[in-house]
>>> print(open('model-v8.cif').read())   # mmCIF, C-alpha atoms
data_start
loop_
_atom_site.group_PDB
_atom_site.id
_atom_site.type_symbol
_atom_site.label_atom_id
_atom_site.label_comp_id
_atom_site.auth_asym_id
_atom_site.auth_seq_id
_atom_site.Cartn_x
_atom_site.Cartn_y
_atom_site.Cartn_z
ATOM 1 C CA GLN A 1 77.535 7.849 -53.177
ATOM 2 C CA VAL A 2 75.927 6.040 -50.266
ATOM 3 C CA GLN A 3 77.692 2.938 -49.030
ATOM 4 C CA LEU A 4 76.418 0.599 -46.318
ATOM 5 C CA VAL A 5 78.815 -2.085 -45.082
ATOM 6 C CA GLU A 6 77.461 -4.672 -42.662
ATOM 7 C CA SER A 7 79.701 -6.987 -40.637
ATOM 8 C CA GLY A 8 79.745 -9.182 -37.560
ATOM 9 C CA GLY A 9 77.620 -12.108 -38.666
ATOM 10 C CA GLY A 10 78.556 -15.736 -38.238
ATOM 11 C CA LEU A 11 77.544 -19.129 -36.948
ATOM 12 C CA VAL A 12 76.346 -19.263 -33.345
ATOM 13 C CA GLN A 13 74.570 -21.815 -31.198
ATOM 14 C CA PRO A 14 71.049 -21.193 -29.898
ATOM 15 C CA GLY A 15 71.209 -18.962 -26.844
ATOM 16 C CA GLY A 16 74.369 -17.281 -28.062
ATOM 17 C CA SER A 17 75.089 -13.664 -28.933
ATOM 18 C CA LEU A 18 76.401 -11.639 -31.836
ATOM 19 C CA ARG A 19 76.996 -7.956 -32.418
ATOM 20 C CA LEU A 20 76.438 -6.604 -35.901
ATOM 21 C CA SER A 21 77.923 -3.365 -37.192
ATOM 22 C CA CYS A 22 76.992 -1.199 -40.154
ATOM 23 C CA ALA A 23 79.383 1.495 -41.309
ATOM 24 C CA THR A 24 77.874 4.162 -43.517
ATOM 25 C CA THR A 25 79.375 6.715 -45.885
ATOM 26 C CA GLY A 26 77.902 9.190 -48.319
ATOM 27 C CA THR A 27 75.041 10.353 -46.112
ATOM 28 C CA ASP A 28 74.571 12.749 -43.214
ATOM 29 C CA PHE A 29 74.441 9.917 -40.713
ATOM 30 C CA SER A 30 73.694 11.957 -37.601
ATOM 31 C CA ASP A 31 70.495 13.284 -39.227
ATOM 32 C CA LYS A 32 69.365 9.890 -40.467
ATOM 33 C CA ALA A 33 66.985 7.472 -38.791
ATOM 34 C CA MET A 34 68.500 4.009 -39.228
ATOM 35 C CA ALA A 35 67.248 0.465 -39.048
ATOM 36 C CA TRP A 36 68.211 -3.189 -39.248
ATOM 37 C CA TYR A 37 66.360 -5.596 -41.493
ATOM 38 C CA ARG A 38 66.660 -9.312 -42.130
ATOM 39 C CA GLN A 39 65.709 -11.731 -44.851
ATOM 40 C CA ALA A 40 65.436 -15.449 -44.247
ATOM 41 C CA PRO A 41 65.476 -17.954 -47.114
ATOM 42 C CA GLY A 42 62.173 -17.940 -48.960
ATOM 43 C CA LYS A 43 60.835 -15.011 -46.972
ATOM 44 C CA GLU A 44 60.473 -11.290 -47.541
ATOM 45 C CA ARG A 45 62.801 -8.798 -45.965
ATOM 46 C CA GLU A 46 61.469 -7.632 -42.606
ATOM 47 C CA LEU A 47 62.182 -4.717 -40.310
ATOM 48 C CA VAL A 48 63.907 -5.830 -37.114
ATOM 49 C CA ALA A 49 64.753 -2.633 -35.239
ATOM 50 C CA SER A 50 65.031 1.089 -35.814
ATOM 51 C CA ILE A 51 66.642 4.063 -34.110
ATOM 52 C CA ILE A 52 65.882 7.675 -34.830
ATOM 53 C CA THR A 53 68.093 10.685 -34.360
ATOM 54 C CA ASP A 54 67.111 11.316 -30.746
ATOM 55 C CA GLY A 55 68.007 7.751 -29.829
ATOM 56 C CA SER A 56 64.434 6.451 -29.615
ATOM 57 C CA THR A 57 64.161 2.825 -30.651
ATOM 58 C CA ASN A 58 61.542 0.387 -31.887
ATOM 59 C CA TYR A 59 61.668 -3.374 -32.255
ATOM 60 C CA ALA A 60 59.765 -6.114 -33.975
ATOM 61 C CA ASP A 61 57.839 -8.197 -31.465
ATOM 62 C CA SER A 62 59.899 -11.258 -32.387
ATOM 63 C CA VAL A 63 63.146 -9.674 -31.125
ATOM 64 C CA LYS A 64 61.918 -7.390 -28.362
ATOM 65 C CA GLY A 65 63.876 -7.948 -25.161
ATOM 66 C CA ARG A 66 66.637 -9.852 -26.974
ATOM 67 C CA PHE A 67 68.048 -7.379 -29.513
ATOM 68 C CA THR A 68 69.342 -3.859 -28.918
ATOM 69 C CA ILE A 69 69.967 -1.284 -31.635
ATOM 70 C CA SER A 70 72.374 1.578 -31.011
ATOM 71 C CA ARG A 71 74.311 4.152 -32.967
ATOM 72 C CA ASP A 72 77.615 6.014 -32.789
ATOM 73 C CA ASN A 73 77.318 9.234 -34.765
ATOM 74 C CA ALA A 74 81.046 9.938 -34.428
ATOM 75 C CA LYS A 75 81.771 6.681 -36.250
ATOM 76 C CA ASN A 76 78.792 6.829 -38.649
ATOM 77 C CA THR A 77 77.950 3.331 -37.463
ATOM 78 C CA VAL A 78 74.806 1.575 -36.296
ATOM 79 C CA TYR A 79 74.948 -1.618 -34.216
ATOM 80 C CA LEU A 80 72.669 -4.512 -33.427
ATOM 81 C CA GLN A 81 73.414 -6.493 -30.279
ATOM 82 C CA MET A 82 71.666 -9.826 -30.518
ATOM 83 C CA ASN A 83 71.307 -11.991 -27.411
ATOM 84 C CA SER A 84 69.464 -15.240 -26.694
ATOM 85 C CA LEU A 85 69.561 -16.086 -30.375
ATOM 86 C CA LYS A 86 67.086 -18.599 -31.749
ATOM 87 C CA THR A 87 67.187 -20.740 -34.863
ATOM 88 C CA GLU A 88 64.448 -18.575 -36.356
ATOM 89 C CA ASP A 89 66.822 -15.589 -36.227
ATOM 90 C CA THR A 90 68.823 -17.172 -39.039
ATOM 91 C CA ALA A 91 68.854 -14.719 -41.936
ATOM 92 C CA VAL A 92 70.919 -12.210 -43.865
ATOM 93 C CA TYR A 93 70.908 -8.961 -41.901
ATOM 94 C CA TYR A 94 70.993 -5.559 -43.580
ATOM 95 C CA CYS A 95 71.062 -2.000 -42.368
ATOM 96 C CA ASN A 96 69.377 0.906 -44.110
ATOM 97 C CA GLY A 97 67.320 3.954 -43.310
ATOM 98 C CA ASP A 98 64.163 3.698 -41.262
ATOM 99 C CA PRO A 99 61.359 3.081 -43.779
ATOM 100 C CA TYR A 100 59.186 5.916 -42.399
ATOM 101 C CA TYR A 101 61.953 8.482 -42.815
ATOM 102 C CA GLY A 102 63.356 7.125 -46.066
ATOM 103 C CA LEU A 103 65.565 4.350 -47.385
ATOM 104 C CA LEU A 104 69.086 4.716 -48.700
ATOM 105 C CA ASP A 105 70.173 3.449 -52.098
ATOM 106 C CA PRO A 106 71.819 1.037 -52.724
ATOM 107 C CA TRP A 107 71.458 -1.642 -50.076
ATOM 108 C CA GLY A 108 74.624 -3.202 -48.713
ATOM 109 C CA GLN A 109 75.639 -6.810 -49.152
ATOM 110 C CA GLY A 110 74.317 -7.812 -45.743
ATOM 111 C CA THR A 111 75.865 -10.142 -43.198
ATOM 112 C CA GLN A 112 74.809 -13.761 -42.705
ATOM 113 C CA VAL A 113 73.674 -14.864 -39.257
ATOM 114 C CA THR A 114 73.201 -18.589 -38.765
ATOM 115 C CA VAL A 115 71.872 -19.943 -35.478
ATOM 116 C CA SER A 116 72.323 -23.679 -35.296
ATOM 117 C CA SER A 117 73.492 -26.365 -32.934
#
>>> encode(input="model-v8.cif", output="structure tokens")
Amino acid sequence: QVQLVESGGGLVQPGGSLRLSCATTGTDFSDKAMAWYRQAPGKERELVASIITDGSTNYADSVKGRFTISRDNAKNTVYLQMNSLKTEDTAVYYCNGDPYYGLLDPWGQGTQVTVSS
């Protein structure tokens, strides 16, 4: 069974940084395009960043230049380095498959990121 376990969230001041991790089991991780999503209160879940198997990445315009997605196939883990955080980055962050290549089921519990002074 697929399991996605996100971690690394927390409370940070505007301008600060966080690094999120997502450990995966139950899937052939090295052959899977992965992505980070987020859902803010009262809003729909949105795609933040994705990374395919060759290491190519894509980012939402709102995070481009501030966030970096990476993966470690040996550890079956995908990361999201978040710098220059803004209050509008506050959300629950989830990892899953890239939507074009296919989602994994079920979703993990997510990790809360709160950016506040």
>>> residues_around(input="model-v8.cif", residues="A:Ser7", least_positions_apart="3", cutoff="12 Å", atoms="all atoms listed in the file", output="PyMOL selection string")
chain A and resi 4+10+18-24+77-80+92-95+108-113
>>> resolve_selection(input="model-v8.cif", expression="the PyMOL selection byres ((chain A and resi 64) around 12)", output="list in words")
Val48, Ala49, Ser50, Thr57, Asn58, Tyr59, Ala60, Asp61, Ser62, Val63, Gly65, Arg66, Phe67, Thr68, Ile69, Gln81, Met82, Asn83, Ser84 and Leu85 of chain A
>>> atom_distance(input="model-v8.cif", atom1="atom CA of A:Ala74", atom2="atom CA of A:Leu11")
29.4 Å
>>> resolve_selection(input="model-v8.cif", expression="the PyMOL selection byres ((chain A and resi 26) around 6)", output="list in words")
Gln1, Val2, Thr25 and Thr27 of chain A
>>> atom_distance(input="model-v8.cif", atom1="atom CA of A:Tyr100", atom2="atom CA of A:Gly55")
15.5 Å
>>> closest_residue(input="model-v8.cif", among="A:Tyr37, A:Ser56, A:Ser30, A:Asn76", to="A:Asn96", atoms="only C-alpha atoms")
A:Tyr37
>>> build_atoms(input="model-v8.cif", residues="stretch 20-45 of chain A", atoms="N, CA and C atoms", output="mmCIF file, in the frame of the given file")
data_model
loop_
_atom_site.group_PDB
_atom_site.id
_atom_site.type_symbol
_atom_site.label_atom_id
_atom_site.label_comp_id
_atom_site.auth_asym_id
_atom_site.auth_seq_id
_atom_site.Cartn_x
_atom_site.Cartn_y
_atom_site.Cartn_z
ATOM 1 N N LEU A 20 76.290 -7.041 -34.521
ATOM 2 C CA LEU A 20 76.438 -6.604 -35.901
ATOM 3 C C LEU A 20 76.788 -5.120 -35.952
ATOM 4 N N SER A 21 77.569 -4.765 -36.966
ATOM 5 C CA SER A 21 77.923 -3.365 -37.192
ATOM 6 C C SER A 21 77.574 -2.982 -38.621
ATOM 7 N N CYS A 22 77.265 -1.716 -38.814
ATOM 8 C CA CYS A 22 76.992 -1.199 -40.154
ATOM 9 C C CYS A 22 77.636 0.167 -40.271
ATOM 10 N N ALA A 23 78.688 0.231 -41.062
ATOM 11 C CA ALA A 23 79.383 1.495 -41.309
ATOM 12 C C ALA A 23 78.773 2.167 -42.536
ATOM 13 N N THR A 24 78.512 3.439 -42.418
ATOM 14 C CA THR A 24 77.874 4.162 -43.517
ATOM 15 C C THR A 24 78.767 5.310 -43.997
ATOM 16 N N THR A 25 78.723 5.555 -45.291
ATOM 17 C CA THR A 25 79.375 6.715 -45.885
ATOM 18 C C THR A 25 78.438 7.303 -46.927
ATOM 19 N N GLY A 26 78.671 8.568 -47.261
ATOM 20 C CA GLY A 26 77.902 9.190 -48.319
ATOM 21 C C GLY A 26 76.560 9.737 -47.900
ATOM 22 N N THR A 27 76.291 9.788 -46.599
ATOM 23 C CA THR A 27 75.041 10.353 -46.112
ATOM 24 C C THR A 27 75.313 11.088 -44.813
ATOM 25 N N ASP A 28 74.435 12.018 -44.470
ATOM 26 C CA ASP A 28 74.571 12.749 -43.214
ATOM 27 C C ASP A 28 74.025 11.876 -42.100
ATOM 28 N N PHE A 29 74.871 10.999 -41.605
ATOM 29 C CA PHE A 29 74.441 9.917 -40.713
ATOM 30 C C PHE A 29 73.738 10.444 -39.467
ATOM 31 N N SER A 30 74.257 11.481 -38.861
ATOM 32 C CA SER A 30 73.694 11.957 -37.601
ATOM 33 C C SER A 30 72.261 12.465 -37.753
ATOM 34 N N ASP A 31 71.853 12.804 -38.961
ATOM 35 C CA ASP A 31 70.495 13.284 -39.227
ATOM 36 C C ASP A 31 69.600 12.205 -39.817
ATOM 37 N N LYS A 32 70.069 10.968 -39.789
ATOM 38 C CA LYS A 32 69.365 9.890 -40.467
ATOM 39 C C LYS A 32 68.839 8.866 -39.469
ATOM 40 N N ALA A 33 67.532 8.587 -39.551
ATOM 41 C CA ALA A 33 66.985 7.472 -38.791
ATOM 42 C C ALA A 33 67.426 6.180 -39.462
ATOM 43 N N MET A 34 67.929 5.232 -38.681
ATOM 44 C CA MET A 34 68.500 4.009 -39.228
ATOM 45 C C MET A 34 67.757 2.780 -38.715
ATOM 46 N N ALA A 35 67.954 1.688 -39.413
ATOM 47 C CA ALA A 35 67.248 0.465 -39.048
ATOM 48 C C ALA A 35 68.038 -0.762 -39.476
ATOM 49 N N TRP A 36 67.715 -1.867 -38.844
ATOM 50 C CA TRP A 36 68.211 -3.189 -39.248
ATOM 51 C C TRP A 36 67.028 -3.986 -39.798
ATOM 52 N N TYR A 37 67.318 -4.719 -40.850
ATOM 53 C CA TYR A 37 66.360 -5.596 -41.493
ATOM 54 C C TYR A 37 66.973 -6.987 -41.586
ATOM 55 N N ARG A 38 66.138 -7.974 -41.867
ATOM 56 C CA ARG A 38 66.660 -9.312 -42.130
ATOM 57 C C ARG A 38 65.792 -10.011 -43.157
ATOM 58 N N GLN A 39 66.432 -10.933 -43.858
ATOM 59 C CA GLN A 39 65.709 -11.731 -44.851
ATOM 60 C C GLN A 39 66.141 -13.177 -44.722
ATOM 61 N N ALA A 40 65.199 -14.013 -44.354
ATOM 62 C CA ALA A 40 65.436 -15.449 -44.247
ATOM 63 C C ALA A 40 65.141 -16.093 -45.593
ATOM 64 N N PRO A 41 65.711 -17.264 -45.841
ATOM 65 C CA PRO A 41 65.476 -17.954 -47.114
ATOM 66 C C PRO A 41 63.988 -18.155 -47.390
ATOM 67 N N GLY A 42 63.563 -17.758 -48.576
ATOM 68 C CA GLY A 42 62.173 -17.940 -48.960
ATOM 69 C C GLY A 42 61.201 -16.966 -48.356
ATOM 70 N N LYS A 43 61.719 -15.986 -47.624
ATOM 71 C CA LYS A 43 60.835 -15.011 -46.972
ATOM 72 C C LYS A 43 61.172 -13.594 -47.431
ATOM 73 N N GLU A 44 60.231 -12.685 -47.209
ATOM 74 C CA GLU A 44 60.473 -11.290 -47.541
ATOM 75 C C GLU A 44 61.350 -10.627 -46.491
ATOM 76 N N ARG A 45 61.999 -9.578 -46.900
ATOM 77 C CA ARG A 45 62.801 -8.798 -45.965
ATOM 78 C C ARG A 45 61.884 -8.158 -44.931
#
